[in-house]
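Before any comments, here is the structure.
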Amino acid sequence: MNLREQKGLQIANQVRITKSGNLYLVPSQSGKGKYKVSADEQHCTCADYDFRRAKCKHIFAVEIAVRRESKTITETKPDGTTKTTITETVKVTRKTYPQVWPAYNAAQTQEKRLFQYLLHQLCQGVGSPAQHGAGQRRLPLEDMLFSMAFKVYSTVSGRRFMTDLRDAHGKGYTSKLPSYNSIFRYFESEMLTPHLQMLIEESSLPLATIEQDFAVDSSGFSTCRFFQWVDAKYTNPQLMDKREWVKVHLMCGVKTNVVTSVEISDRYAHDTKYFKPLVEATRQNFAMNQVSADKAYLSNTNLKTVASAQAMPYIPFKANSVANDKRHSALWKQMYHFYAYNQERFMSNYHKRSNVESTFMMIKAKFGDALRSKTKTAQINEALCKVLCHNICCLIQSMYELNLKPKFWAQVA
Ligand SMILES: [Zn+2]
């Protein structure tokens, strides 16, 4: 076993390797972000791979993790011969769009330039309201939204972001150059929240012909970068009370991970009631084929919401679910029977749900899982900006992989 292989084993033992599309995400050992590994292409985004173009510790770690998820069954036949079958668990057989490497690299190297271009195009569509009175003239709305989203994309502090913003202003992406104090004030503005939501929705529209299957989930963003949502939710509940959290509920397309609708709540809100508004917002823009969500979302109302959007709900039933209960609708019973008698088909569709986990992972890995803002309104706006930035990155990826040419707002195109 060589040194990299040993380290790979160590990584596979210590960290949770997750899957996003055809890529495996391996958290870096220093705790700074995640490396993307393609096991098929033997490719990794770390510096070691980049330099040597040879198998790095992350590729070894992924191979070990994949092997562990596979099960070898050896069966002895009556005639004494043995037959060995290897079954991969559902976790590694999830079907997604193939990742095309040259396209991926091109998208990464051009991303910042394209990001600004697309964000500018998007912001142009909001239309500034008329400025009343002789008081201090505010910056146009499109400049405010551009500055906020670009700030979140940069992930740096307000002062350090000014270099990026000055460049963007130089390229004509903002009509004026706001000060960093002004940008803080925009984040405090409740008026901008619905605009950010509208931009998120608009940024998903170029993918309307590509996405038909959707998934719903929620995740929290904390105001302390040392607190992580999964820890607070599953292992260390007292973290929940210690800091502010913003809970993001979202629906995404399972092919490109684009977020098609989003709702924000406080940390203790129940997920189930956010399901309906997410489905209803998405169905305005997309022809929905199916929606998957975990069993926390199971309810008569939620099943009906999906069915009335002419889509198929893939929400698993609970261990204590029974078919004949007066409280359950006919649809509930029908879905229960489908679930009970077509388990394999049900599960293969249900597993598209894991893409919504990847979506949260992508957002957090790229734009951080902590919020810098100090007040509730600013935190909500900041979280929405992360989602908007993610959507623009999904579009850029699709420009390279699917030859998409995104256009927004009929009049801007
Ligand atoms: Zn690597």
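Chain labels A, B, ... are given in the sequence in which chains occur in the structure tokens; within each chain residues are numbered consecutively from 1, and ligands are likewise numbered from 1 in the order shown.
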
Exercise. Neighbours of ligand 1 within 12 Å, counting only C-alpha atoms and all ligand atoms, as a ChimeraX atom specification?
Worked result: /A:4-5,7-8,11,24-29,34-39,42-62

Exercise. Can you tell me, as a list in words, what residues are no more than 9 Å from Glu382 of chain A when counting only C-alpha atoms, ignoring any on the same chain fewer than 5 positions away?
Worked result: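 Near Glu382 of chain A, the qualifying residues are Met148, Ala149, Val152, Phe187, Leu371, Arg372, Ser373, Thr377 and Val387 of chain A.
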
Residues from last step as file, N, CA and C atoms, as a PDB file, in the first residue's frame:
```pdb
ATOM      1  N   MET A 148     -25.376  42.794  -3.867  1.00  0.00           N
ATOM      2  CA  MET A 148     -25.607  41.811  -2.797  1.00  0.00           C
ATOM      3  C   MET A 148     -25.236  40.402  -3.250  1.00  0.00           C
ATOM      4  N   ALA A 149     -25.750  40.013  -4.404  1.00  0.00           N
ATOM      5  CA  ALA A 149     -25.499  38.644  -4.861  1.00  0.00           C
ATOM      6  C   ALA A 149     -24.024  38.437  -5.190  1.00  0.00           C
ATOM      7  N   VAL A 152     -22.057  37.917  -2.008  1.00  0.00           N
ATOM      8  CA  VAL A 152     -22.177  36.568  -1.462  1.00  0.00           C
ATOM      9  C   VAL A 152     -21.365  35.579  -2.308  1.00  0.00           C
ATOM     10  N   PHE A 187     -28.694  44.632   2.623  1.00  0.00           N
ATOM     11  CA  PHE A 187     -29.017  43.332   3.223  1.00  0.00           C
ATOM     12  C   PHE A 187     -30.079  43.483   4.319  1.00  0.00           C
ATOM     13  N   LEU A 371     -23.751  32.288   8.036  1.00  0.00           N
ATOM     14  CA  LEU A 371     -24.215  33.592   7.569  1.00  0.00           C
ATOM     15  C   LEU A 371     -23.416  34.674   8.281  1.00  0.00           C
ATOM     16  N   ARG A 372     -22.999  35.691   7.524  1.00  0.00           N
ATOM     17  CA  ARG A 372     -22.232  36.777   8.127  1.00  0.00           C
ATOM     18  C   ARG A 372     -23.143  37.811   8.783  1.00  0.00           C
ATOM     19  N   SER A 373     -24.382  37.913   8.308  1.00  0.00           N
ATOM     20  CA  SER A 373     -25.264  38.999   8.741  1.00  0.00           C
ATOM     21  C   SER A 373     -25.700  38.844  10.192  1.00  0.00           C
ATOM     22  N   THR A 377     -33.497  39.884   9.076  1.00  0.00           N
ATOM     23  CA  THR A 377     -33.781  40.235   7.681  1.00  0.00           C
ATOM     24  C   THR A 377     -32.534  40.053   6.815  1.00  0.00           C
ATOM     25  N   VAL A 387     -28.603  30.984  -2.557  1.00  0.00           N
ATOM     26  CA  VAL A 387     -29.390  30.152  -3.476  1.00  0.00           C
ATOM     27  C   VAL A 387     -29.344  30.739  -4.893  1.00  0.00           C
TER      28      VAL A 387
END
```

Exercise. Any idea what's packed within 12 Å of Asn181 of chain A, counting only C-alpha atoms, ignoring anything in its chain fewer than 5 positions away? Could you give it as a list in words?
Worked result: Ser147, Met148, Ser157, Gly158, Arg159, Phe161, Met162, Tyr186, Phe187 and Glu188 of chain A

For this session: Report as number ranges by chain: the residues of segment 157-281 of chain A with a DSSP assignment of alpha helix (DSSP H), based on the backbone of this structure.
Result: A: 158-170, 180-187, 192-204, 229-230, 239-242, 272-281

For this session: Determine the nearest neighbour of Ile64 of chain A from the options A:Ile17, A:Leu114, A:Ala311, A:Leu9, counting only C-alpha atoms.
Result: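 With only C-alpha atoms as the atom set, the closest residue is A:Leu9.
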
Problem set entry | Contact residues around segment 273-285 of chain A with only C-alpha atoms at 8 Å, ignoring same-chain residues under 4 positions, as a list in words |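 Selected residues are Leu205, Ala208, Val216, His249, Leu250, Met251, Thr260, Ser261, Val262, Glu263, Tyr297, Thr301, Asn302, Thr305, Val306 and Ala309 of chain A.
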
Exercise. Looking at A:Arg353, A:His328, A:Lys376, A:His337, which one is nearest to Ile315 of chain A, with distances taken over only C-alpha atoms?
Worked result: A:Arg353

Exercise. What residues in segment 271-346 of chain A get the DSSP label strand (DSSP E)? Please answer as a ChimeraX atom specification.
Worked result: /A:290-292,312-314
